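Shown here: work.csv, CSV, C-alpha atoms.
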```csv
chain,number,residue,atom,x,y,z
F,1,MET,CA,-283.2,20.1,-48.1
F,2,ILE,CA,-284.2,22.8,-50.6
F,3,SER,CA,-284.1,21.6,-54.2
F,4,LEU,CA,-283.6,24.1,-57.1
F,5,THR,CA,-287.2,23.5,-58.4
F,6,SER,CA,-288.9,26.8,-58.6
F,7,PRO,CA,-291.8,27.4,-56.1
F,8,VAL,CA,-293.4,29.5,-58.9
F,9,LYS,CA,-295.7,27.0,-60.6
F,10,THR,CA,-295.5,27.0,-64.4
F,11,ARG,CA,-297.3,25.1,-67.1
F,12,ALA,CA,-294.0,23.2,-67.7
F,13,HIS,CA,-294.2,21.7,-64.2
F,14,GLY,CA,-296.8,19.3,-65.5
F,15,TRP,CA,-294.9,18.1,-68.6
F,16,PRO,CA,-293.3,14.7,-68.4
F,17,ALA,CA,-289.8,15.0,-67.0
F,18,GLY,CA,-288.4,12.5,-69.6
F,19,ALA,CA,-289.7,14.6,-72.5
F,20,LYS,CA,-288.2,17.7,-71.1
F,21,LEU,CA,-284.8,16.1,-70.6
F,22,ALA,CA,-284.9,14.6,-74.2
F,23,GLY,CA,-285.8,18.0,-75.6
F,24,LEU,CA,-283.1,19.6,-73.6
F,25,CYS,CA,-280.5,17.1,-75.0
F,26,ALA,CA,-281.7,17.7,-78.6
F,27,VAL,CA,-281.6,21.5,-78.3
F,28,THR,CA,-278.2,21.6,-76.6
F,29,CYS,CA,-276.7,19.3,-79.3
F,30,GLY,CA,-278.3,21.6,-81.9
F,31,LEU,CA,-276.7,24.7,-80.3
F,32,PHE,CA,-273.3,23.2,-80.8
F,33,LEU,CA,-273.9,22.3,-84.5
F,34,THR,CA,-274.2,25.9,-85.7
F,35,GLN,CA,-271.9,28.9,-85.6
F,36,ASN,CA,-274.5,31.4,-86.9
F,37,LEU,CA,-274.4,34.5,-84.6
F,38,ALA,CA,-277.9,35.7,-85.6
F,39,LEU,CA,-279.4,32.3,-84.9
F,40,HIS,CA,-277.7,32.1,-81.4
F,41,ALA,CA,-278.9,35.6,-80.6
F,42,ALA,CA,-282.4,34.5,-81.6
F,43,VAL,CA,-282.2,31.4,-79.5
F,44,PHE,CA,-281.0,33.3,-76.5
F,45,ALA,CA,-283.8,35.9,-76.9
F,46,GLY,CA,-286.2,32.9,-77.1
F,47,VAL,CA,-284.8,31.4,-73.9
F,48,LEU,CA,-285.1,34.8,-72.1
F,49,LEU,CA,-288.7,35.0,-73.3
F,50,LEU,CA,-289.4,31.5,-72.0
F,51,SER,CA,-287.9,32.5,-68.6
F,52,ALA,CA,-290.0,35.7,-68.5
F,53,LEU,CA,-293.3,34.0,-69.2
F,54,PRO,CA,-293.9,32.7,-65.6
F,55,GLY,CA,-293.5,36.2,-64.1
F,56,ARG,CA,-290.9,38.4,-62.4
F,57,ALA,CA,-289.8,36.2,-59.6
F,58,PHE,CA,-289.2,33.2,-61.9
F,59,PHE,CA,-287.3,35.4,-64.4
F,60,PHE,CA,-285.0,36.9,-61.8
F,61,ALA,CA,-284.3,33.5,-60.2
F,62,SER,CA,-283.3,32.1,-63.6
F,63,ILE,CA,-281.0,35.1,-64.3
F,64,ARG,CA,-279.5,34.7,-60.8
F,65,HIS,CA,-278.5,31.1,-61.8
F,66,LEU,CA,-276.6,32.5,-64.8
F,67,ARG,CA,-274.3,34.7,-62.6
F,68,VAL,CA,-271.8,31.8,-62.1
F,69,LEU,CA,-270.9,32.2,-65.8
F,70,ALA,CA,-269.7,35.8,-65.3
F,71,PRO,CA,-266.0,34.9,-65.1
F,72,PHE,CA,-266.2,32.9,-68.3
F,73,ILE,CA,-268.1,35.6,-70.1
F,74,ILE,CA,-265.4,38.1,-69.1
F,75,ILE,CA,-262.5,35.8,-70.1
F,76,ILE,CA,-264.1,35.1,-73.5
F,77,ALA,CA,-265.0,38.7,-74.1
F,78,ILE,CA,-261.5,39.9,-73.4
F,79,TRP,CA,-259.9,37.1,-75.4
F,80,HIS,CA,-262.0,37.8,-78.5
F,81,LEU,CA,-261.7,41.5,-78.3
F,82,TRP,CA,-257.9,41.0,-78.1
F,83,THR,CA,-257.9,38.8,-81.2
F,84,PHE,CA,-260.3,41.1,-83.1
F,85,ASP,CA,-262.9,38.3,-83.5
F,86,GLY,CA,-265.8,39.7,-81.6
F,87,ALA,CA,-268.5,37.9,-83.6
F,88,LYS,CA,-267.0,34.5,-82.7
F,89,GLY,CA,-266.7,35.6,-79.1
F,90,ALA,CA,-270.4,36.7,-79.0
F,91,THR,CA,-271.4,33.4,-80.5
F,92,ILE,CA,-269.6,31.4,-77.9
F,93,ILE,CA,-271.0,33.5,-75.0
F,94,LEU,CA,-274.6,33.4,-76.4
F,95,ARG,CA,-274.4,29.6,-76.9
F,96,MET,CA,-273.1,29.1,-73.4
F,97,LEU,CA,-275.8,31.3,-71.9
F,98,SER,CA,-278.6,29.6,-73.9
F,99,ALA,CA,-277.4,26.1,-73.0
F,100,VAL,CA,-277.0,26.7,-69.3
F,101,ALA,CA,-280.2,28.8,-69.1
F,102,LEU,CA,-282.3,26.1,-70.8
F,103,ALA,CA,-280.9,23.3,-68.6
F,104,ASN,CA,-281.7,25.5,-65.6
F,105,LEU,CA,-285.2,25.9,-66.9
F,106,VAL,CA,-285.7,22.2,-66.9
F,107,THR,CA,-284.3,21.9,-63.4
F,108,MET,CA,-286.5,24.7,-62.2
F,109,THR,CA,-289.7,23.2,-63.6
F,110,THR,CA,-289.2,19.6,-62.7
F,111,LYS,CA,-289.9,18.2,-59.2
F,112,LEU,CA,-287.2,16.1,-57.5
F,113,THR,CA,-289.5,13.1,-57.4
F,114,ASP,CA,-290.1,13.3,-61.1
F,115,MET,CA,-286.4,13.4,-61.7
F,116,ILE,CA,-285.9,10.3,-59.4
F,117,ASP,CA,-288.5,8.5,-61.5
F,118,VAL,CA,-286.5,9.3,-64.7
F,119,ILE,CA,-283.4,7.9,-63.0
F,120,GLN,CA,-285.3,4.7,-62.1
F,121,VAL,CA,-286.1,4.3,-65.8
F,122,LEU,CA,-282.6,5.2,-67.0
F,123,SER,CA,-281.0,2.9,-64.5
F,124,ARG,CA,-283.1,-0.2,-65.5
F,125,PRO,CA,-280.5,-1.5,-68.0
F,126,LEU,CA,-277.9,-1.4,-65.3
F,127,THR,CA,-279.7,-4.0,-63.3
F,128,ARG,CA,-278.0,-6.5,-65.6
F,129,PHE,CA,-274.7,-5.4,-64.1
F,130,GLY,CA,-275.9,-5.9,-60.5
F,131,LEU,CA,-277.3,-2.5,-59.7
F,132,ARG,CA,-280.5,-2.8,-57.6
F,133,ALA,CA,-282.9,0.0,-58.4
F,134,ASN,CA,-284.3,0.2,-54.8
F,135,VAL,CA,-280.8,0.2,-53.4
F,136,LEU,CA,-279.9,3.2,-55.6
F,137,GLU,CA,-283.1,4.9,-54.5
F,138,LEU,CA,-282.3,4.3,-50.9
F,139,ALA,CA,-278.8,5.7,-51.4
F,140,ILE,CA,-280.3,8.8,-53.0
F,141,ALA,CA,-282.6,9.2,-50.0
F,142,MET,CA,-279.8,8.7,-47.6
F,143,VAL,CA,-277.7,11.4,-49.1
F,144,ILE,CA,-280.6,13.8,-49.1
F,145,ARG,CA,-281.3,13.0,-45.5
F,146,LEU,CA,-277.7,12.8,-44.2
F,147,THR,CA,-276.2,15.9,-45.9
F,148,PRO,CA,-278.0,18.3,-43.5
F,149,VAL,CA,-277.1,16.1,-40.6
F,150,LEU,CA,-273.4,16.2,-41.6
F,151,VAL,CA,-273.5,19.9,-42.2
F,152,ASP,CA,-275.0,20.3,-38.7
F,153,LYS,CA,-272.3,18.2,-37.1
F,154,GLY,CA,-269.6,20.0,-39.0
F,155,THR,CA,-270.9,23.3,-37.9
F,156,ARG,CA,-270.9,22.1,-34.3
F,157,LEU,CA,-267.3,20.9,-34.8
F,158,SER,CA,-266.1,24.3,-35.9
F,159,GLU,CA,-268.0,25.9,-33.1
F,160,ALA,CA,-266.3,23.6,-30.6
F,161,TRP,CA,-263.0,24.6,-32.2
F,162,SER,CA,-263.6,28.3,-32.0
F,163,ALA,CA,-264.7,28.0,-28.4
F,164,ARG,CA,-261.2,26.7,-27.6
F,165,SER,CA,-259.0,28.7,-30.0
F,166,HIS,CA,-258.8,32.2,-31.3
F,167,ARG,CA,-257.4,30.8,-34.6
F,168,ARG,CA,-259.7,29.7,-37.4
F,169,ALA,CA,-260.3,25.9,-37.7
F,170,GLY,CA,-259.1,25.6,-41.3
F,171,TRP,CA,-258.4,22.3,-42.9
F,172,ARG,CA,-257.5,20.4,-39.7
F,173,ILE,CA,-261.2,20.1,-38.9
F,174,VAL,CA,-261.7,17.9,-42.0
F,175,LEU,CA,-260.1,14.9,-40.2
F,176,PRO,CA,-262.6,14.7,-37.3
F,177,PHE,CA,-265.3,15.5,-39.8
F,178,THR,CA,-264.3,12.6,-42.0
F,179,ILE,CA,-264.2,10.3,-38.9
F,180,ILE,CA,-267.8,11.4,-38.1
F,181,ALA,CA,-268.9,10.4,-41.6
F,182,LEU,CA,-267.2,7.0,-41.3
F,183,ASP,CA,-268.8,6.4,-37.9
F,184,ASP,CA,-272.2,7.5,-39.1
F,185,ALA,CA,-271.9,5.1,-42.1
F,186,ASP,CA,-271.1,2.3,-39.6
F,187,GLN,CA,-274.2,3.1,-37.5
F,188,VAL,CA,-276.5,3.5,-40.4
F,189,ALA,CA,-275.4,0.2,-41.9
F,190,GLU,CA,-275.9,-1.5,-38.6
F,191,ALA,CA,-279.4,0.0,-38.3
F,192,LEU,CA,-280.2,-1.2,-41.8
F,193,ARG,CA,-279.0,-4.7,-41.1
F,194,ALA,CA,-281.0,-4.8,-37.9
F,195,ARG,CA,-284.1,-4.1,-39.9
F,196,GLY,CA,-283.4,-7.0,-42.3
F,197,GLY,CA,-281.0,-5.1,-44.6
F,198,PHE,CA,-281.4,-4.8,-48.3
F,199,ASP,CA,-283.1,-8.2,-48.5
F,200,ALA,CA,-286.1,-6.7,-46.6
F,201,LEU,CA,-286.4,-4.0,-49.4
F,202,GLU,CA,-286.8,-6.7,-52.0
F,203,GLU,CA,-290.0,-8.1,-50.5
F,204,LYS,CA,-292.0,-4.9,-50.8
A,1,MET,CA,-273.4,-4.8,-49.0
A,2,GLU,CA,-275.2,-2.5,-46.5
A,3,LYS,CA,-271.9,-1.2,-45.2
A,4,ASN,CA,-270.6,-0.4,-48.7
A,5,VAL,CA,-273.8,1.4,-49.7
A,6,THR,CA,-273.9,3.5,-46.5
A,7,LEU,CA,-270.2,4.4,-46.9
A,8,ILE,CA,-270.8,5.5,-50.5
A,9,ALA,CA,-273.9,7.6,-49.4
A,10,LEU,CA,-272.1,9.1,-46.4
A,11,PHE,CA,-269.1,10.2,-48.4
A,12,ALA,CA,-271.4,11.6,-51.1
A,13,ALA,CA,-272.9,13.6,-48.3
A,14,LEU,CA,-269.4,14.5,-47.0
A,15,ILE,CA,-268.5,16.0,-50.4
A,16,ALA,CA,-271.7,18.0,-50.3
A,17,ALA,CA,-271.1,19.1,-46.7
A,18,LEU,CA,-267.5,20.2,-47.4
A,19,GLY,CA,-268.9,22.5,-50.1
A,20,LEU,CA,-271.6,23.9,-47.9
A,21,ILE,CA,-269.9,24.6,-44.6
A,22,PRO,CA,-268.5,28.2,-44.8
A,23,PRO,CA,-266.0,27.8,-41.9
A,24,VAL,CA,-264.0,25.2,-43.8
A,25,SER,CA,-261.6,27.5,-45.6
A,26,LEU,CA,-258.2,26.2,-46.4
A,27,GLY,CA,-256.3,29.2,-45.0
A,28,PHE,CA,-253.3,30.9,-46.7
A,29,GLY,CA,-255.9,33.4,-47.9
A,30,VAL,CA,-256.8,31.2,-50.8
A,31,PRO,CA,-260.5,31.4,-51.6
A,32,ILE,CA,-260.9,27.8,-52.6
A,33,THR,CA,-263.6,25.4,-51.5
A,34,ALA,CA,-262.9,22.1,-49.8
A,35,GLN,CA,-265.1,20.2,-52.2
A,36,SER,CA,-262.4,18.8,-54.4
A,37,LEU,CA,-260.6,17.8,-51.2
A,38,GLY,CA,-263.7,15.7,-50.5
A,39,ILE,CA,-263.2,14.0,-53.9
A,40,MET,CA,-259.6,13.2,-53.1
A,41,LEU,CA,-260.5,11.8,-49.7
A,42,CYS,CA,-263.1,9.6,-51.3
A,43,GLY,CA,-260.3,8.0,-53.3
A,44,THR,CA,-257.7,7.8,-50.6
A,45,ILE,CA,-260.0,6.5,-47.9
A,46,LEU,CA,-262.7,4.5,-49.6
A,47,GLY,CA,-260.6,3.1,-52.4
A,48,ALA,CA,-261.2,3.0,-56.2
A,49,LYS,CA,-264.6,1.4,-56.5
A,50,ARG,CA,-266.5,2.9,-53.6
A,51,GLY,CA,-264.7,6.3,-53.9
A,52,GLY,CA,-265.7,6.6,-57.6
A,53,LEU,CA,-269.3,5.5,-56.8
A,54,ALA,CA,-269.6,8.0,-54.0
A,55,VAL,CA,-268.6,10.8,-56.3
A,56,MET,CA,-271.0,9.5,-59.0
A,57,LEU,CA,-273.9,9.5,-56.5
A,58,PHE,CA,-273.0,13.0,-55.5
A,59,LEU,CA,-273.1,14.2,-59.1
A,60,LEU,CA,-276.4,12.3,-59.7
A,61,LEU,CA,-278.0,14.3,-56.9
A,62,VAL,CA,-276.5,17.6,-58.3
A,63,ALA,CA,-278.0,16.7,-61.7
A,64,ILE,CA,-281.5,16.0,-60.4
A,65,GLY,CA,-281.6,19.5,-58.9
A,66,LEU,CA,-280.0,19.7,-55.5
A,67,PRO,CA,-277.7,22.7,-54.9
A,68,LEU,CA,-274.8,20.6,-53.5
A,69,LEU,CA,-271.9,22.0,-55.5
A,70,SER,CA,-269.9,24.6,-53.7
A,71,GLY,CA,-271.5,28.0,-53.7
A,72,GLY,CA,-275.0,26.4,-53.8
A,73,ARG,CA,-274.8,25.5,-57.5
A,74,GLY,CA,-276.6,22.5,-58.9
A,75,GLY,CA,-279.2,21.3,-61.4
A,76,LEU,CA,-278.7,20.5,-65.1
A,77,GLY,CA,-277.2,23.9,-65.8
A,78,VAL,CA,-273.8,23.0,-64.4
A,79,PHE,CA,-273.6,20.1,-66.8
A,80,ALA,CA,-274.2,22.5,-69.8
A,81,GLY,CA,-271.6,25.0,-68.6
A,82,PRO,CA,-267.9,25.3,-69.3
A,83,SER,CA,-266.8,23.4,-66.3
A,84,VAL,CA,-268.7,20.2,-67.3
A,85,GLY,CA,-265.4,18.5,-68.0
A,86,PHE,CA,-264.2,18.8,-64.4
A,87,LEU,CA,-267.5,17.3,-63.3
A,88,VAL,CA,-267.0,14.3,-65.6
A,89,GLY,CA,-263.5,14.0,-64.3
A,90,PHE,CA,-264.6,14.0,-60.6
A,91,PRO,CA,-265.5,10.3,-60.3
A,92,ILE,CA,-262.7,9.2,-62.6
A,93,ALA,CA,-260.2,11.2,-60.4
A,94,ALA,CA,-261.5,9.5,-57.3
A,95,PHE,CA,-261.3,6.1,-58.9
A,96,VAL,CA,-257.7,6.7,-60.1
A,97,ILE,CA,-256.6,8.0,-56.6
A,98,GLY,CA,-258.2,5.0,-55.0
A,99,LEU,CA,-256.6,2.6,-57.4
A,100,ILE,CA,-253.1,4.0,-56.7
A,101,VAL,CA,-253.6,3.9,-52.9
A,102,GLU,CA,-254.8,0.3,-53.1
A,103,LYS,CA,-252.0,-1.0,-55.3
A,104,TRP,CA,-248.9,1.0,-54.3
A,105,ARG,CA,-248.0,-0.3,-50.8
A,106,ALA,CA,-244.2,0.0,-50.9
A,107,ALA,CA,-243.9,3.7,-49.9
A,108,PRO,CA,-245.3,5.5,-46.8
A,109,LEU,CA,-249.0,6.3,-47.1
A,110,LEU,CA,-248.3,10.1,-46.9
A,111,ILE,CA,-246.3,9.9,-50.1
A,112,VAL,CA,-248.6,7.4,-51.8
A,113,ALA,CA,-251.7,9.5,-51.0
A,114,GLY,CA,-250.0,12.7,-52.1
A,115,VAL,CA,-248.8,11.3,-55.4
A,116,ALA,CA,-252.2,9.7,-56.0
A,117,SER,CA,-254.1,12.9,-55.2
A,118,VAL,CA,-251.8,14.9,-57.6
A,119,LEU,CA,-252.1,12.3,-60.4
A,120,GLY,CA,-255.8,11.7,-60.0
A,121,GLY,CA,-257.1,15.0,-58.6
A,122,ILE,CA,-255.0,17.2,-60.8
A,123,VAL,CA,-253.6,15.4,-63.9
A,124,VAL,CA,-256.7,13.2,-64.6
A,125,MET,CA,-259.2,15.9,-63.5
A,126,TYR,CA,-257.6,18.6,-65.6
A,127,VAL,CA,-257.4,16.4,-68.7
A,128,PHE,CA,-261.2,16.1,-68.6
A,129,GLY,CA,-261.7,19.7,-67.5
A,130,ILE,CA,-259.5,21.1,-70.3
A,131,ILE,CA,-261.2,19.0,-72.9
A,132,GLY,CA,-264.6,20.1,-71.6
A,133,MET,CA,-263.6,23.8,-71.7
A,134,SER,CA,-262.1,23.5,-75.2
A,135,VAL,CA,-265.4,22.1,-76.5
A,136,MET,CA,-267.7,24.4,-74.6
A,137,LEU,CA,-265.7,27.6,-75.2
A,138,ASP,CA,-264.6,26.7,-78.7
A,139,LYS,CA,-260.9,27.0,-77.8
A,140,THR,CA,-257.9,24.8,-78.7
A,141,LEU,CA,-256.7,22.4,-76.0
A,142,VAL,CA,-253.7,24.6,-75.4
A,143,GLU,CA,-255.8,27.8,-75.1
A,144,ALA,CA,-258.3,26.0,-72.7
A,145,ALA,CA,-255.3,24.8,-70.6
A,146,LYS,CA,-254.2,28.4,-70.1
A,147,ILE,CA,-257.6,29.3,-68.7
A,148,ALA,CA,-257.8,26.2,-66.5
A,149,LEU,CA,-254.3,26.2,-65.1
A,150,VAL,CA,-254.9,29.1,-62.7
A,151,TYR,CA,-256.6,26.7,-60.4
A,152,VAL,CA,-253.6,24.3,-60.2
A,153,PRO,CA,-251.9,25.9,-57.2
A,154,GLY,CA,-255.0,25.6,-55.1
A,155,ASP,CA,-255.5,22.0,-56.1
A,156,LEU,CA,-251.8,21.2,-55.3
A,157,LEU,CA,-252.4,22.6,-51.8
A,158,LYS,CA,-255.5,20.4,-51.5
A,159,ALA,CA,-253.6,17.3,-52.7
A,160,GLY,CA,-251.1,17.9,-49.9
A,161,ILE,CA,-253.8,18.3,-47.3
A,162,ALA,CA,-255.6,15.2,-48.6
A,163,ALA,CA,-252.3,13.3,-48.1
A,164,MET,CA,-251.8,14.6,-44.6
A,165,LEU,CA,-255.4,13.8,-43.6
A,166,THR,CA,-255.2,10.3,-45.0
A,167,SER,CA,-251.9,9.5,-43.2
A,168,ALA,CA,-253.2,11.1,-40.0
A,169,LEU,CA,-256.3,8.9,-40.2
A,170,ALA,CA,-254.1,5.9,-40.8
A,171,THR,CA,-252.1,6.7,-37.6
A,172,ALA,CA,-255.2,7.4,-35.5
A,173,ARG,CA,-257.5,4.7,-36.8
A,174,PRO,CA,-255.8,2.4,-39.3
A,175,ALA,CA,-258.9,0.3,-39.7
A,176,SER,CA,-260.7,3.4,-41.2
A,177,VAL,CA,-258.4,3.7,-44.2
A,178,LEU,CA,-260.6,1.2,-46.1
A,179,SER,CA,-258.6,1.5,-49.4
A,180,ARG,CA,-255.8,-0.3,-47.6
A,181,ILE,CA,-258.0,-2.8,-45.6
A,182,ASP,CA,-260.2,-4.7,-47.9
A,183,ALA,CA,-259.4,-3.6,-51.4
A,184,HIS,CA,-261.6,-5.5,-53.9
```
Would you put the structure from the file into structure tokens?
Amino acid sequence: MISLTSPVKTRAHGWPAGAKLAGLCAVTCGLFLTQNLALHAAVFAGVLLLSALPGRAFFFASIRHLRVLAPFIIIIAIWHLWTFDGAKGATIILRMLSAVALANLVTMTTKLTDMIDVIQVLSRPLTRFGLRANVLELAIAMVIRLTPVLVDKGTRLSEAWSARSHRRAGWRIVLPFTIIALDDADQVAEALRARGGFDALEEK
Amino acid sequence: MEKNVTLIALFAALIAALGLIPPVSLGFGVPITAQSLGIMLCGTILGAKRGGLAVMLFLLLVAIGLPLLSGGRGGLGVFAGPSVGFLVGFPIAAFVIGLIVEKWRAAPLLIVAGVASVLGGIVVMYVFGIIGMSVMLDKTLVEAAKIALVYVPGDLLKAGIAAMLTSALATARPASVLSRIDAH
């Protein structure tokens, strides 16, 4: 499975993931503490500059990630033009763009494995409530491995449908799809148990 | 233990797959994804605890950078955007749906699952979604509600579909509706 980490190597790829996440939290909180339009414009310009530093491909990729905000930008723009409060609207839009773009930058410059290491550290206090770190890791790995498997099976299901009907499959196909997921869970659990289950994980 | 973890992992994968497969459109010409249908099914089929955990695992994978949200979205950016409230509401919605299906046994499953999906998947989800929007877009709760409510008709449709699927599953394979089997 393809993660959203950028293939364009940047200097930030080497920085510790924990530090990047802590910095992101601090900056995002800071963005919500001020209403100053000039400051928000400066921050957004800074974020754009940061995205542009690693080169064209990286810059366009980070802009592409912001496209999902388009409907919100349009709604807010119309709303605040309607209420003759353009400055506030611009502040809200810039703040939203900076927050999302910065968060995307962290995702784009952090490897999946580094993120999983951070989760391991963050989940450590939860061991007191019965969460086993290696079980969580195994669950993450299972989802990463099994999502493409399920997508593949789902695609084959809808192909099987369209081979037999000229109508589109629609929501009805979700039932056999869910049953496939339930059966796969059964089989994977059995396979895990056959190999000693979670107790075997403990000994490593 | 192994069974519960694999169920949670597989349903997290199912939510992702429902957002990724293009042919699963819900018909009626409504351009909505099946992803929130997956969240409702987590609750109605797996029950409160496992359903909620499956959705949390799904969100964890989105947060660490996998493009599993419908439309290939993912990463930390989605948690900094205006729809963050809905994401926070996802696991709570699944939990509430599961809880209702586990506890309310007097009525037929079709009705129970439908009411649960509406209460959890719409009421609970929109409470969080609207609060999130009001914070992120600097709007009052009423103003944010006006923006969010355009999605309600689509979600009502999905709640109905989730109810039908759950009751169909109970008819075909009663042992698979785990929220009703070994609720704990």
Using only C-alpha atoms, find which residues of chain F lie within 6 Å of chain A and jot them down as number ranges by chain.
-> F: 3-4, 99-100, 103-104, 107, 115, 139, 143, 147, 151, 170-171, 175, 181, 185, 189
Find the residue from F:Ala45, F:Phe59, F:Ile92, F:Ile180 that sits nearest to Ser134 (chain A); use only C-alpha atoms when measuring.
->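 When distances to Ser134 (chain A) are compared using only C-alpha atoms, the smallest one comes from F:Ile92.
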Go through F:Thr127, F:Thr91, F:Thr109, F:Thr28 and flag the residue nearest His40 (chain F), using all atoms listed in the file for the distances.
-> F:Thr91
Between CA of Leu21 (chain F) and CA of Asp117 (chain F) - distance in Å to one decimal |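 These two atoms are separated by 12.4 Å.
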Which residue of F:Ala160, F:Gly154, F:Ile179, F:Arg95 approaches Pro174 (chain A) most closely, using only C-alpha atoms = F:Ile179
So how far away is CA of Cys25 (chain F) from CA of Val47 (chain F), in Å?
->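 Taking CA of Val47 (chain F) and CA of Cys25 (chain F), their separation equals 15.0 Å.
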List every protein, DNA or RNA residue that has at least one atom no more than 12 Å from (-295.8, 13.5, -67.9) in the file's coordinates, counting all atoms listed in the file, and write the result as a list in words.
->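 The answer, in the requested form, is Arg11, Ala12, His13, Gly14, Trp15, Pro16, Ala17, Gly18, Ala19, Lys20, Leu21, Thr110, Lys111, Asp114, Met115, Asp117 and Val118 of chain F.
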If you keep C-alpha atoms, can you produce a file of those selected residues as a compact mmCIF listing (two decimals), in the coordinates of the input?
```txt
# COMPACT_ATOMS: atom_id res chain seq x y z
CA ARG F 11 -297.30 25.10 -67.10
CA ALA F 12 -294.00 23.20 -67.70
CA HIS F 13 -294.20 21.70 -64.20
CA GLY F 14 -296.80 19.30 -65.50
CA TRP F 15 -294.90 18.10 -68.60
CA PRO F 16 -293.30 14.70 -68.40
CA ALA F 17 -289.80 15.00 -67.00
CA GLY F 18 -288.40 12.50 -69.60
CA ALA F 19 -289.70 14.60 -72.50
CA LYS F 20 -288.20 17.70 -71.10
CA LEU F 21 -284.80 16.10 -70.60
CA THR F 110 -289.20 19.60 -62.70
CA LYS F 111 -289.90 18.20 -59.20
CA ASP F 114 -290.10 13.30 -61.10
CA MET F 115 -286.40 13.40 -61.70
CA ASP F 117 -288.50 8.50 -61.50
CA VAL F 118 -286.50 9.30 -64.70
```
Please provide as a PDB file with C-alpha atoms, in the frame of the given file all residues within 12 Å of Ala38 (chain F), with the sequence filter that same-chain residues fewer than 4 positions apart are discarded (counting all atoms listed in the file).
```pdb
ATOM      1  CA  THR F  34    -274.200  25.900 -85.700  1.00  0.00           C
ATOM      2  CA  ALA F  42    -282.400  34.500 -81.600  1.00  0.00           C
ATOM      3  CA  VAL F  43    -282.200  31.400 -79.500  1.00  0.00           C
ATOM      4  CA  PHE F  44    -281.000  33.300 -76.500  1.00  0.00           C
ATOM      5  CA  ALA F  45    -283.800  35.900 -76.900  1.00  0.00           C
ATOM      6  CA  ALA F  87    -268.500  37.900 -83.600  1.00  0.00           C
ATOM      7  CA  LYS F  88    -267.000  34.500 -82.700  1.00  0.00           C
ATOM      8  CA  ALA F  90    -270.400  36.700 -79.000  1.00  0.00           C
ATOM      9  CA  THR F  91    -271.400  33.400 -80.500  1.00  0.00           C
ATOM     10  CA  LEU F  94    -274.600  33.400 -76.400  1.00  0.00           C
ATOM     11  CA  ARG F  95    -274.400  29.600 -76.900  1.00  0.00           C
TER      12      ARG F  95
END
```
Contacts of Met40 (chain A) at 10 Å or less, counting all atoms listed in the file, minus same-chain residues fewer than 4 places along, as a ChimeraX atom specification?
-> /A:15,35-36,44-46,51,55,90-91,93-98,113-114,116-118,120-122,158-159,161-163,166
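Compared by their closest atoms to Ala145 (chain A), and using all atoms listed in the file, the residues A:Val101, A:Ile131, A:Leu157, A:Ala170 rank with A:Ile131 nearest.
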Tell me which protein, DNA and RNA residues are within 12 Å of Leu201 (chain F), counting only C-alpha atoms, leaving out same-chain ones fewer than 2 positions away, and put them as a PyMOL selection string.
-> (chain F and resi 132-138+192-193+195-199+203-204) or (chain A and resi 2)
